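Participant: See target33.pdb below, with PDB, C-alpha atoms, pLDDT in the B column.
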ATOM      1  CA  MET A   1       0.000   0.000   0.000  1.00 74.00           C
ATOM      2  CA  LYS A   2       2.830   2.411   0.832  1.00 77.00           C
ATOM      3  CA  LYS A   3       4.415   1.668  -2.549  1.00 77.00           C
ATOM      4  CA  ILE A   4       1.220   2.594  -4.402  1.00 78.00           C
ATOM      5  CA  ILE A   5       0.909   5.861  -2.512  1.00 78.00           C
ATOM      6  CA  THR A   6       4.583   6.677  -3.094  1.00 79.00           C
ATOM      7  CA  ILE A   7       4.357   5.904  -6.811  1.00 78.00           C
ATOM      8  CA  THR A   8       1.162   7.935  -7.126  1.00 74.00           C
ATOM      9  CA  MET A   9       2.772  10.907  -5.415  1.00 71.00           C
ATOM     10  CA  LEU A  10       5.832  10.704  -7.678  1.00 69.00           C
ATOM     11  CA  VAL A  11       3.677  10.543 -10.802  1.00 68.00           C
ATOM     12  CA  LEU A  12       1.588  13.528  -9.686  1.00 68.00           C
ATOM     13  CA  PHE A  13       4.741  15.455  -8.848  1.00 69.00           C
ATOM     14  CA  ALA A  14       6.234  14.736 -12.297  1.00 67.00           C
ATOM     15  CA  ILE A  15       3.011  15.653 -14.091  1.00 69.00           C
ATOM     16  CA  SER A  16       2.751  18.979 -12.265  1.00 67.00           C
ATOM     17  CA  PHE A  17       6.023  20.163 -13.832  1.00 66.00           C
ATOM     18  CA  ALA A  18       5.273  19.056 -17.410  1.00 62.00           C
ATOM     19  CA  PRO A  19       2.861  21.889 -18.373  1.00 58.00           C
ATOM     20  CA  GLN A  20       5.179  24.538 -16.964  1.00 55.00           C
ATOM     21  CA  ASN A  21       8.031  23.318 -19.165  1.00 52.00           C
ATOM     22  CA  THR A  22       5.783  23.434 -22.228  1.00 54.00           C
ATOM     23  CA  MET A  23       4.643  26.970 -21.421  1.00 55.00           C
ATOM     24  CA  ALA A  24       8.217  28.123 -20.891  1.00 56.00           C
ATOM     25  CA  GLN A  25       9.210  26.627 -24.218  1.00 53.00           C
ATOM     26  CA  GLU A  26       6.331  28.423 -25.953  1.00 54.00           C
ATOM     27  CA  ARG A  27       7.440  31.747 -24.455  1.00 65.00           C
ATOM     28  CA  ARG A  28      10.935  31.154 -25.801  1.00 77.00           C
ATOM     29  CA  ASN A  29       9.385  30.799 -29.268  1.00 90.00           C
ATOM     30  CA  GLU A  30       7.622  34.155 -28.969  1.00 94.00           C
ATOM     31  CA  GLU A  31       8.700  37.541 -30.243  1.00 94.00           C
ATOM     32  CA  THR A  32       7.041  40.916 -30.318  1.00 94.00           C
ATOM     33  CA  VAL A  33       7.238  43.286 -33.268  1.00 94.00           C
ATOM     34  CA  THR A  34       5.970  46.861 -33.470  1.00 94.00           C
ATOM     35  CA  LEU A  35       4.533  47.819 -36.839  1.00 95.00           C
ATOM     36  CA  LYS A  36       3.721  51.278 -38.153  1.00 94.00           C
ATOM     37  CA  VAL A  37       0.196  51.230 -39.569  1.00 92.00           C
ATOM     38  CA  ASN A  38      -1.512  54.425 -40.654  1.00 83.00           C
ATOM     39  CA  MET A  39      -4.820  53.857 -38.946  1.00 90.00           C
ATOM     40  CA  THR A  40      -6.739  57.102 -39.156  1.00 86.00           C
ATOM     41  CA  CYS A  41     -10.048  56.124 -37.603  1.00 93.00           C
ATOM     42  CA  ASP A  42     -11.833  53.682 -35.335  1.00 94.00           C
ATOM     43  CA  MET A  43     -12.918  51.702 -38.391  1.00 95.00           C
ATOM     44  CA  CYS A  44      -9.241  50.986 -39.164  1.00 94.00           C
ATOM     45  CA  VAL A  45      -8.650  49.834 -35.589  1.00 95.00           C
ATOM     46  CA  GLN A  46     -11.724  47.603 -35.651  1.00 96.00           C
ATOM     47  CA  LYS A  47     -10.637  46.058 -38.949  1.00 96.00           C
ATOM     48  CA  VAL A  48      -7.238  45.191 -37.474  1.00 96.00           C
ATOM     49  CA  LYS A  49      -8.651  43.922 -34.158  1.00 97.00           C
ATOM     50  CA  SER A  50     -11.220  41.713 -35.855  1.00 97.00           C
ATOM     51  CA  ASN A  51      -8.708  40.016 -38.178  1.00 97.00           C
ATOM     52  CA  ILE A  52      -5.069  39.970 -37.038  1.00 96.00           C
ATOM     53  CA  PRO A  53      -5.589  38.100 -33.728  1.00 96.00           C
ATOM     54  CA  PHE A  54      -6.983  35.174 -35.723  1.00 95.00           C
ATOM     55  CA  VAL A  55      -3.908  34.799 -37.928  1.00 96.00           C
ATOM     56  CA  ARG A  56      -2.231  31.474 -37.115  1.00 96.00           C
ATOM     57  CA  GLY A  57       0.693  32.070 -34.752  1.00 97.00           C
ATOM     58  CA  VAL A  58      -0.390  35.483 -33.443  1.00 97.00           C
ATOM     59  CA  ARG A  59      -0.565  35.370 -29.629  1.00 97.00           C
ATOM     60  CA  ASP A  60      -1.364  38.981 -28.712  1.00 97.00           C
ATOM     61  CA  LEU A  61      -2.189  42.276 -30.381  1.00 97.00           C
ATOM     62  CA  LYS A  62      -2.067  45.802 -28.995  1.00 97.00           C
ATOM     63  CA  VAL A  63      -3.326  48.606 -31.209  1.00 97.00           C
ATOM     64  CA  SER A  64      -2.682  52.326 -30.739  1.00 95.00           C
ATOM     65  CA  LEU A  65      -4.591  54.654 -33.048  1.00 94.00           C
ATOM     66  CA  GLU A  66      -2.822  57.670 -31.538  1.00 94.00           C
ATOM     67  CA  LYS A  67       0.644  56.304 -32.355  1.00 92.00           C
ATOM     68  CA  GLY A  68      -0.429  54.518 -35.538  1.00 92.00           C
ATOM     69  CA  GLU A  69       1.194  51.348 -34.231  1.00 94.00           C
ATOM     70  CA  CYS A  70       0.349  47.720 -33.711  1.00 96.00           C
ATOM     71  CA  GLU A  71       2.375  45.586 -31.332  1.00 96.00           C
ATOM     72  CA  VAL A  72       2.093  41.945 -32.328  1.00 96.00           C
ATOM     73  CA  THR A  73       3.363  39.071 -30.200  1.00 96.00           C
ATOM     74  CA  TYR A  74       3.713  35.904 -32.230  1.00 97.00           C
ATOM     75  CA  ARG A  75       5.131  32.393 -32.197  1.00 97.00           C
ATOM     76  CA  THR A  76       8.300  32.299 -34.261  1.00 95.00           C
ATOM     77  CA  ASN A  77       7.850  28.608 -34.983  1.00 95.00           C
ATOM     78  CA  ARG A  78       4.468  29.270 -36.651  1.00 96.00           C
ATOM     79  CA  ILE A  79       4.702  32.642 -38.408  1.00 96.00           C
ATOM     80  CA  THR A  80       7.278  35.243 -39.458  1.00 95.00           C
ATOM     81  CA  THR A  81       7.220  39.027 -39.295  1.00 94.00           C
ATOM     82  CA  GLU A  82       6.922  39.083 -43.078  1.00 94.00           C
ATOM     83  CA  GLN A  83       3.817  36.886 -42.925  1.00 96.00           C
ATOM     84  CA  ILE A  84       2.281  39.190 -40.320  1.00 96.00           C
ATOM     85  CA  ILE A  85       2.927  42.162 -42.589  1.00 94.00           C
ATOM     86  CA  GLU A  86       1.295  40.226 -45.454  1.00 95.00           C
ATOM     87  CA  ALA A  87      -1.774  39.674 -43.254  1.00 95.00           C
ATOM     88  CA  PHE A  88      -2.060  43.458 -42.780  1.00 95.00           C
ATOM     89  CA  GLU A  89      -1.567  43.981 -46.516  1.00 93.00           C
ATOM     90  CA  LYS A  90      -4.446  41.586 -47.230  1.00 94.00           C
ATOM     91  CA  LEU A  91      -6.567  44.031 -45.241  1.00 94.00           C
ATOM     92  CA  ASP A  92      -5.370  46.799 -47.620  1.00 91.00           C
ATOM     93  CA  PHE A  93      -2.969  48.424 -45.169  1.00 92.00           C
ATOM     94  CA  THR A  94       0.570  49.386 -46.046  1.00 85.00           C
ATOM     95  CA  VAL A  95       2.738  48.358 -43.118  1.00 89.00           C
ATOM     96  CA  GLU A  96       6.373  48.665 -42.112  1.00 86.00           C
ATOM     97  CA  GLU A  97       8.300  47.381 -39.153  1.00 85.00           C
ATOM     98  CA  LYS A  98       9.019  50.265 -36.806  1.00 77.00           C
ATOM     99  CA  THR A  99      12.699  51.103 -36.817  1.00 69.00           C
ATOM    100  CA  GLY A 100      12.626  54.286 -34.775  1.00 61.00           C
ATOM    101  CA  GLU A 101      15.283  55.820 -37.018  1.00 60.00           C
ATOM    102  CA  PRO A 102      14.699  59.537 -37.632  1.00 58.00           C
ATOM    103  CA  ASP A 103      15.126  61.262 -40.991  1.00 53.00           C
ATOM    104  CA  GLU A 104      16.991  64.555 -41.458  1.00 58.00           C
ATOM    105  CA  ASN A 105      14.016  66.451 -39.945  1.00 55.00           C
ATOM    106  CA  GLY A 106      13.931  64.270 -36.834  1.00 57.00           C
ATOM    107  CA  LYS A 107      10.754  62.424 -37.836  1.00 52.00           C
ATOM    108  CA  GLU A 108      10.486  58.673 -38.173  1.00 51.00           C
ATOM    109  CA  VAL A 109      11.212  57.428 -41.670  1.00 45.00           C
ATOM    110  CA  ASN A 110       8.325  54.957 -41.888  1.00 44.00           C
ATOM    111  CA  LYS A 111       5.546  56.130 -44.201  1.00 41.00           C
ATOM    112  CA  VAL A 112       2.345  54.171 -44.479  1.00 41.00           C
ATOM    113  CA  GLU A 113      -1.129  54.799 -45.777  1.00 45.00           C
ATOM    114  CA  CYS A 114      -4.618  53.632 -45.013  1.00 49.00           C
ATOM    115  CA  VAL A 115      -6.815  52.374 -47.839  1.00 49.00           C
ATOM    116  CA  GLY A 116      -9.751  50.035 -48.024  1.00 48.00           C
ATOM    117  CA  HIS A 117     -12.509  52.296 -46.808  1.00 51.00           C
ATOM    118  CA  THR A 118     -13.782  55.850 -47.096  1.00 48.00           C
ATOM    119  CA  HIS A 119     -13.264  58.436 -44.361  1.00 45.00           C
TER     120      HIS A 119
END
Mind converting the file's structure to structure tokens?
Facilitator:
Amino acid sequence: MKKIITITMLVLFAISFAPQNTMAQERRNEETVTLKVNMTCDMCVQKVKSNIPFVRGVRDLKVSLEKGECEVTYRTNRITTEQIIEAFEKLDFTVEEKTGEPDENGKEVNKVECVGHTH
């Protein structure tokens, strides 16, 4: 009887660590990219929020209309940054990865435009 209880306890102990290792491994396969997207209205934001989170491999999406940025957290073993950009382009947005590099006037170089609906 003691052996059964001991074996059961060991198995439960081993199982309790298995999901944590899997979750840690998934986090290692995640990256976050900030994209410049010229969203000029709430309709743009809604279009992004109702489509991009459902792209295979996308884990999280944060959208800022004020900054014209989307922060996308994704699984690197399922999707690439280029594929995420393509997903935005399918929604008729022109998108660039944010570099933060200023031009000669001190403004960010990234230029994007919003198409696909009327303002």
Participant: Got a sec: who's within 10 Å of Thr80 of chain A, counting only C-alpha atoms, leaving out chain neighbours fewer than 6 positions off, as a count of residues only?
Facilitator: 5
Participant: Could you state which residues are captured by the PyMOL selection byres ((chain A and resi 76) around 6) in this file, as a ChimeraX atom specification?
Facilitator: /A:29-30,75,77-79
Participant: Extract, using all atoms listed in the file, all DNA, RNA and protein residues at most 7 Å from Val33 of chain A, discarding same-chain residues fewer than 5 positions from it, and format them as a ChimeraX atom specification.
Facilitator: /A:71-73
Participant: List as a list of chain:residue names the residues having at least one atom at most 7 Å from position (-9.1, 42.7, -44.2) as given in the file, counting all atoms listed in the file.
Facilitator: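 Output: A:Lys47, A:Asn51, A:Lys90, A:Leu91, A:Asp92.
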Participant: A:Val55, A:Cys41, A:Leu61, A:Cys70: which is nearest Gln83 of chain A, counting all atoms listed in the file?
Facilitator: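 Distance minimum relative to Gln83 of chain A lands on A:Val55.
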Participant: Go through A:Lys36, A:Lys2, A:Arg28, A:Lys67 and flag the residue nearest Glu97 of chain A, using only C-alpha atoms for the distances.
Facilitator: A:Lys36
Participant: Record the distance separating atom CA of Val48 of chain A and atom CA of Leu65 of chain A, expressed in Å with one decimal.
Facilitator: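 These atoms are spaced 10.8 Å apart.
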Participant: Emit as lines of an AutoDock Vina configuration file the padded axis-aligned box for all listed atoms of segment 26-44 of chain A, 3 Å per side, with centre and edge lengths in Å to one decimal.
Facilitator:
center_x = -1.0
center_y = 42.8
center_z = -32.6
size_x = 29.9
size_y = 34.7
size_z = 22.2
Participant: Enumerate, as a list in words, the residues matched when the PyMOL selection byres ((chain A and resi 85) around 10) is run on the file above.
Facilitator: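 Evaluating the PyMOL selection byres ((chain A and resi 85) around 10) on this file yields Leu35, Val37, Ile52, Thr80, Thr81, Glu82, Gln83, Ile84, Glu86, Ala87, Phe88, Glu89, Lys90, Phe93, Thr94, Val95, Glu96 and Glu97 of chain A.
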Participant: If I take atom CA of Ser64 of chain A and atom CA of Val45 of chain A, how far is one from the other in Å, to one decimal?
Facilitator: 8.1 Å
Participant: Rounded to one decimal in Å, what is the spacing between atom CA of Ser50 of chain A and atom CA of Glu69 of chain A?
Facilitator: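 Computed distance, atom CA of Ser50 of chain A to atom CA of Glu69 of chain A, equals 15.8 Å.
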Participant: Using all atoms listed in the file, which residue out of A:Val63, A:Lys98, A:Arg56, A:Ile5 lies closest to Met39 of chain A?
Facilitator: A:Val63
Participant: Between A:Lys3, A:Phe54, A:Asn38, A:Met43, single out the one closest to Gly68 of chain A, counting only C-alpha atoms.
Facilitator: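 The shortest atom-to-atom distance to Gly68 of chain A comes from A:Asn38.
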Participant: Could you rebuild segment 22-53 of chain A with N, CA and C atoms and give it back as a PDB file, keeping the file's coordinate frame?
Facilitator:
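Writing done, so here's selection_4.pdb:
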ATOM      1  N   THR A  22       6.352  23.166 -20.916  1.00 54.00           N
ATOM      2  CA  THR A  22       5.783  23.434 -22.228  1.00 54.00           C
ATOM      3  C   THR A  22       5.500  24.919 -22.384  1.00 54.00           C
ATOM      4  N   MET A  23       4.934  25.548 -21.356  1.00 55.00           N
ATOM      5  CA  MET A  23       4.643  26.970 -21.421  1.00 55.00           C
ATOM      6  C   MET A  23       5.924  27.785 -21.526  1.00 55.00           C
ATOM      7  N   ALA A  24       6.942  27.410 -20.809  1.00 56.00           N
ATOM      8  CA  ALA A  24       8.217  28.123 -20.891  1.00 56.00           C
ATOM      9  C   ALA A  24       8.815  28.001 -22.277  1.00 56.00           C
ATOM     10  N   GLN A  25       8.687  26.833 -22.869  1.00 53.00           N
ATOM     11  CA  GLN A  25       9.210  26.627 -24.218  1.00 53.00           C
ATOM     12  C   GLN A  25       8.439  27.479 -25.218  1.00 53.00           C
ATOM     13  N   GLU A  26       7.120  27.592 -25.061  1.00 54.00           N
ATOM     14  CA  GLU A  26       6.331  28.423 -25.953  1.00 54.00           C
ATOM     15  C   GLU A  26       6.743  29.878 -25.847  1.00 54.00           C
ATOM     16  N   ARG A  27       7.005  30.370 -24.631  1.00 65.00           N
ATOM     17  CA  ARG A  27       7.440  31.747 -24.455  1.00 65.00           C
ATOM     18  C   ARG A  27       8.783  32.005 -25.122  1.00 65.00           C
ATOM     19  N   ARG A  28       9.640  30.986 -25.126  1.00 77.00           N
ATOM     20  CA  ARG A  28      10.935  31.154 -25.801  1.00 77.00           C
ATOM     21  C   ARG A  28      10.738  31.294 -27.304  1.00 77.00           C
ATOM     22  N   ASN A  29       9.674  30.731 -27.838  1.00 90.00           N
ATOM     23  CA  ASN A  29       9.385  30.799 -29.268  1.00 90.00           C
ATOM     24  C   ASN A  29       8.557  32.024 -29.628  1.00 90.00           C
ATOM     25  N   GLU A  30       8.424  32.964 -28.711  1.00 94.00           N
ATOM     26  CA  GLU A  30       7.622  34.155 -28.969  1.00 94.00           C
ATOM     27  C   GLU A  30       8.504  35.380 -29.137  1.00 94.00           C
ATOM     28  N   GLU A  31       8.063  36.244 -30.051  1.00 94.00           N
ATOM     29  CA  GLU A  31       8.700  37.541 -30.243  1.00 94.00           C
ATOM     30  C   GLU A  31       7.609  38.574 -30.378  1.00 94.00           C
ATOM     31  N   THR A  32       7.977  39.810 -30.150  1.00 94.00           N
ATOM     32  CA  THR A  32       7.041  40.916 -30.318  1.00 94.00           C
ATOM     33  C   THR A  32       7.634  41.899 -31.310  1.00 94.00           C
ATOM     34  N   VAL A  33       6.815  42.324 -32.267  1.00 94.00           N
ATOM     35  CA  VAL A  33       7.238  43.286 -33.268  1.00 94.00           C
ATOM     36  C   VAL A  33       6.263  44.461 -33.234  1.00 94.00           C
ATOM     37  N   THR A  34       6.807  45.669 -33.386  1.00 94.00           N
ATOM     38  CA  THR A  34       5.970  46.861 -33.470  1.00 94.00           C
ATOM     39  C   THR A  34       5.937  47.309 -34.916  1.00 94.00           C
ATOM     40  N   LEU A  35       4.725  47.450 -35.440  1.00 95.00           N
ATOM     41  CA  LEU A  35       4.533  47.819 -36.839  1.00 95.00           C
ATOM     42  C   LEU A  35       3.881  49.189 -36.925  1.00 95.00           C
ATOM     43  N   LYS A  36       4.344  49.992 -37.876  1.00 94.00           N
ATOM     44  CA  LYS A  36       3.721  51.278 -38.153  1.00 94.00           C
ATOM     45  C   LYS A  36       2.587  51.026 -39.143  1.00 94.00           C
ATOM     46  N   VAL A  37       1.380  51.398 -38.741  1.00 92.00           N
ATOM     47  CA  VAL A  37       0.196  51.230 -39.569  1.00 92.00           C
ATOM     48  C   VAL A  37      -0.568  52.545 -39.509  1.00 92.00           C
ATOM     49  N   ASN A  38      -0.832  53.138 -40.656  1.00 83.00           N
ATOM     50  CA  ASN A  38      -1.512  54.425 -40.654  1.00 83.00           C
ATOM     51  C   ASN A  38      -3.012  54.209 -40.489  1.00 83.00           C
ATOM     52  N   MET A  39      -3.410  54.006 -39.271  1.00 90.00           N
ATOM     53  CA  MET A  39      -4.820  53.857 -38.946  1.00 90.00           C
ATOM     54  C   MET A  39      -5.329  55.238 -38.585  1.00 90.00           C
ATOM     55  N   THR A  40      -6.284  55.729 -39.353  1.00 86.00           N
ATOM     56  CA  THR A  40      -6.739  57.102 -39.156  1.00 86.00           C
ATOM     57  C   THR A  40      -8.096  57.211 -38.478  1.00 86.00           C
ATOM     58  N   CYS A  41      -8.720  56.062 -38.215  1.00 93.00           N
ATOM     59  CA  CYS A  41     -10.048  56.124 -37.603  1.00 93.00           C
ATOM     60  C   CYS A  41     -10.331  54.835 -36.828  1.00 93.00           C
ATOM     61  N   ASP A  42     -11.437  54.861 -36.106  1.00 94.00           N
ATOM     62  CA  ASP A  42     -11.833  53.682 -35.335  1.00 94.00           C
ATOM     63  C   ASP A  42     -12.169  52.498 -36.229  1.00 94.00           C
ATOM     64  N   MET A  43     -12.607  52.780 -37.455  1.00 95.00           N
ATOM     65  CA  MET A  43     -12.918  51.702 -38.391  1.00 95.00           C
ATOM     66  C   MET A  43     -11.647  50.926 -38.757  1.00 95.00           C
ATOM     67  N   CYS A  44     -10.530  51.640 -38.898  1.00 94.00           N
ATOM     68  CA  CYS A  44      -9.241  50.986 -39.164  1.00 94.00           C
ATOM     69  C   CYS A  44      -8.868  50.069 -38.000  1.00 94.00           C
ATOM     70  N   VAL A  45      -8.993  50.595 -36.789  1.00 95.00           N
ATOM     71  CA  VAL A  45      -8.650  49.834 -35.589  1.00 95.00           C
ATOM     72  C   VAL A  45      -9.517  48.585 -35.493  1.00 95.00           C
ATOM     73  N   GLN A  46     -10.811  48.743 -35.737  1.00 96.00           N
ATOM     74  CA  GLN A  46     -11.724  47.603 -35.651  1.00 96.00           C
ATOM     75  C   GLN A  46     -11.391  46.548 -36.697  1.00 96.00           C
ATOM     76  N   LYS A  47     -11.011  46.989 -37.883  1.00 96.00           N
ATOM     77  CA  LYS A  47     -10.637  46.058 -38.949  1.00 96.00           C
ATOM     78  C   LYS A  47      -9.424  45.229 -38.540  1.00 96.00           C
ATOM     79  N   VAL A  48      -8.438  45.883 -37.935  1.00 96.00           N
ATOM     80  CA  VAL A  48      -7.238  45.191 -37.474  1.00 96.00           C
ATOM     81  C   VAL A  48      -7.582  44.232 -36.334  1.00 96.00           C
ATOM     82  N   LYS A  49      -8.323  44.736 -35.335  1.00 97.00           N
ATOM     83  CA  LYS A  49      -8.651  43.922 -34.158  1.00 97.00           C
ATOM     84  C   LYS A  49      -9.533  42.728 -34.480  1.00 97.00           C
ATOM     85  N   SER A  50     -10.323  42.821 -35.533  1.00 97.00           N
ATOM     86  CA  SER A  50     -11.220  41.713 -35.855  1.00 97.00           C
ATOM     87  C   SER A  50     -10.597  40.709 -36.815  1.00 97.00           C
ATOM     88  N   ASN A  51      -9.351  40.942 -37.244  1.00 97.00           N
ATOM     89  CA  ASN A  51      -8.708  40.016 -38.178  1.00 97.00           C
ATOM     90  C   ASN A  51      -7.353  39.493 -37.717  1.00 97.00           C
ATOM     91  N   ILE A  52      -6.447  40.365 -37.331  1.00 96.00           N
ATOM     92  CA  ILE A  52      -5.069  39.970 -37.038  1.00 96.00           C
ATOM     93  C   ILE A  52      -4.955  38.973 -35.883  1.00 96.00           C
ATOM     94  N   PRO A  53      -5.728  39.094 -34.802  1.00 96.00           N
ATOM     95  CA  PRO A  53      -5.589  38.100 -33.728  1.00 96.00           C
ATOM     96  C   PRO A  53      -5.905  36.666 -34.160  1.00 96.00           C
TER      97      PRO A  53
END
